[in-house]
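Q: Before we start, here is the structure in question, set down as structure tokens.
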Amino acid sequence: MTPEENPDPRLLMAASLTRPLTVAEQAVLDAWSTSSAEAREEIARTREVWLAMGLAAEAPVVRAMRHEARRHARLDRSARPDRRAIVASLGVLAAALVVGVAINAGPRVQRYDAPPHASARLTLADGSHVVLSPGGRMTTRFRPHARDVSLEAGDAFFEVAHDKTRPFAVEASGRTLMVLGTRFNVAGGGRLMVSLVEGSLRVSQPGATSVLLRPGQRYVGGAGVGGGVEAGDVTGDAAWTDGRVVLTDASLGQAAERLSRASGREVHLTDPSLARLRLSGSLDIGRMDDVSAALEALLPVRAMVTKEGGLVVSPIESSSRHG
């Protein structure tokens, strides 16, 4: 296997100083992090460097040090990387920051964009893990005493690294979700739905009373002010991260929206009355042919796969007349 097919995770850590990693590259890092205690310790030490750099990622002196680290590590495409040089360069960079290089301690801003038809699995600079739905967009602003995230498009599942000194806040659909350490799913679209799997989470919005969620609860809010709390299958709400959409007495309108967001493929209902039909089940979004067959088995509809890979759902009567 070539180095390109089996990249060294240490080289990927160094490369991430100057560019976002691809989904495949991040998967290599995640696999390495679970392989041994030594790997986790090395990753932790490297993240300390990242956190120090994050205090002024755009400051000229930091950019210069990053460039120098890359030069010594021979990360240019024309040269074969030297692992020992990379580790040494990162150590020098960390030491330079620790002894008090004069830099501007502004926020570190990072933007993430998922591919149109595939989810993105991300590891943030603080060690938090996020799964971003197809076409999703998210911006992080990390500071010494705060971790702020804006979910601008798509859905996201968060597994937040615990840090009492740096609260973690997510802005989504006009609400602020404040956590210290927790696992939760955020789904947008026509309404915001926040599903808490583990930990605690407070939902706040200007003009509305704050809501404290407990594990197993959802917060559901529309476009206006305020929202409600309900019990539900919160694990099922997050099943899209494993390639499934779980529905429990959901309307076909809700199912179409969730399928579209989870797969990155449009699911279109040709007749508005179809949105009122209800269904339950677990749909594998890996193959739209299987989703089509499941919808036709559960409901009086015809579901056709489009050339773009989406679905057009029509009443059986309408499909028969136009067949």
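Residue numbering restarts at 1 for every chain of the structure tokens, chains are lettered A, B, ... in their displayed order, and ligands are numbered from 1 as they appear.
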With a distance cut-off of 10 Å and only C-alpha atoms, select the neighbouring residues of Asp113 of chain A, excluding the residue or stretch itself and same-chain residues fewer than 5 positions from it, and output the selection as an NGL selection string.
A: :A and (20 or 119-120 or 132-139 or 152-154)
Q: Using the selection just defined, write its residues with N, CA and C atoms as a PDB file, in the first residue's frame.
A:
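Result file out30.pdb:
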```pdb
ATOM      1  N   PRO A  20      -7.745  22.183   6.412  1.00  0.00           N
ATOM      2  CA  PRO A  20      -8.669  21.205   6.978  1.00  0.00           C
ATOM      3  C   PRO A  20      -8.370  19.816   6.411  1.00  0.00           C
ATOM      4  N   SER A 119     -21.880  12.939   4.951  1.00  0.00           N
ATOM      5  CA  SER A 119     -21.648  13.606   6.233  1.00  0.00           C
ATOM      6  C   SER A 119     -20.149  13.738   6.469  1.00  0.00           C
ATOM      7  N   ALA A 120     -19.770  14.667   7.354  1.00  0.00           N
ATOM      8  CA  ALA A 120     -18.366  14.894   7.703  1.00  0.00           C
ATOM      9  C   ALA A 120     -18.173  14.625   9.186  1.00  0.00           C
ATOM     10  N   LEU A 132     -21.307  16.279  10.957  1.00  0.00           N
ATOM     11  CA  LEU A 132     -22.027  17.323  10.237  1.00  0.00           C
ATOM     12  C   LEU A 132     -22.736  16.693   9.049  1.00  0.00           C
ATOM     13  N   SER A 133     -24.033  16.955   8.904  1.00  0.00           N
ATOM     14  CA  SER A 133     -24.820  16.315   7.859  1.00  0.00           C
ATOM     15  C   SER A 133     -24.417  16.817   6.471  1.00  0.00           C
ATOM     16  N   PRO A 134     -24.787  16.087   5.404  1.00  0.00           N
ATOM     17  CA  PRO A 134     -24.417  16.498   4.045  1.00  0.00           C
ATOM     18  C   PRO A 134     -24.831  17.947   3.759  1.00  0.00           C
ATOM     19  N   GLY A 135     -23.895  18.713   3.191  1.00  0.00           N
ATOM     20  CA  GLY A 135     -24.162  20.112   2.891  1.00  0.00           C
ATOM     21  C   GLY A 135     -24.165  21.008   4.113  1.00  0.00           C
ATOM     22  N   GLY A 136     -23.835  20.471   5.278  1.00  0.00           N
ATOM     23  CA  GLY A 136     -23.848  21.263   6.511  1.00  0.00           C
ATOM     24  C   GLY A 136     -22.704  22.262   6.553  1.00  0.00           C
ATOM     25  N   ARG A 137     -22.894  23.313   7.319  1.00  0.00           N
ATOM     26  CA  ARG A 137     -21.874  24.366   7.456  1.00  0.00           C
ATOM     27  C   ARG A 137     -21.825  24.818   8.907  1.00  0.00           C
ATOM     28  N   MET A 138     -20.620  24.942   9.444  1.00  0.00           N
ATOM     29  CA  MET A 138     -20.444  25.270  10.855  1.00  0.00           C
ATOM     30  C   MET A 138     -19.184  26.108  11.030  1.00  0.00           C
ATOM     31  N   THR A 139     -19.237  27.065  11.965  1.00  0.00           N
ATOM     32  CA  THR A 139     -18.084  27.901  12.270  1.00  0.00           C
ATOM     33  C   THR A 139     -17.810  27.828  13.762  1.00  0.00           C
ATOM     34  N   GLU A 152     -24.703  26.858  10.896  1.00  0.00           N
ATOM     35  CA  GLU A 152     -25.318  27.748   9.905  1.00  0.00           C
ATOM     36  C   GLU A 152     -26.172  27.013   8.884  1.00  0.00           C
ATOM     37  N   ALA A 153     -25.909  25.720   8.685  1.00  0.00           N
ATOM     38  CA  ALA A 153     -26.704  24.923   7.741  1.00  0.00           C
ATOM     39  C   ALA A 153     -26.553  23.457   8.112  1.00  0.00           C
ATOM     40  N   GLY A 154     -27.618  22.685   7.870  1.00  0.00           N
ATOM     41  CA  GLY A 154     -27.561  21.261   8.128  1.00  0.00           C
ATOM     42  C   GLY A 154     -27.799  20.890   9.581  1.00  0.00           C
TER      43      GLY A 154
END
```
Q: Please provide the set of residues having any atom within 10 Å of Val245 of chain A, restricted to only C-alpha atoms, with same-chain residues fewer than 3 positions apart removed, written as a PyMOL selection string.
A: chain A and resi 236-242+255+258-259+262-263+281-285+291
Q: From the set A:Asp233, A:Glu198, A:Asp271, A:Glu25, which residue has the shortest atom-to-atom contact distance to Met13 of chain A, counting only C-alpha atoms?
A: A:Glu25
Q: Which residues are near Lys307 of chain A? Cut-off 12 Å, only C-alpha atoms, ignore same chain within fewer than 3 positions. Put them as number ranges by chain.
A: A: 265-266, 288-289, 304, 310-312
Q: What's around Ser200 of chain A at 10 Å? Count only C-alpha atoms, leave out sequence neighbours fewer than 2 positions away in its own chain, and write the answer as a VMD selection string.
A: chain A and resid 178 to 184 196 to 198 202 212 to 215
Q: Could you go through segment 118-309 of chain A and tell me which residues DSSP, when run on the backbone, assigns to strand (DSSP E), listing them as number ranges by chain?
A: A: 120-123, 129-132, 137-143, 146-153, 156-159, 168-172, 175-179, 183-187, 192-198, 201-204, 211-213, 217-221, 228-231, 244-251, 267-269, 278-284, 301-305
Q: Using only C-alpha atoms, which residues sit within 12 Å of Gly224 of chain A once same-chain residues fewer than 6 positions away are excluded, as a PyMOL selection string?
A: chain A and resi 173-175+190-192+205-208
Q: For atom CA of Gln110 of chain A and atom CA of Arg147 of chain A, quote the distance in Å rounded to one decimal.
A: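 Going from atom CA of Gln110 of chain A over to atom CA of Arg147 of chain A, I get 11.6 Å.
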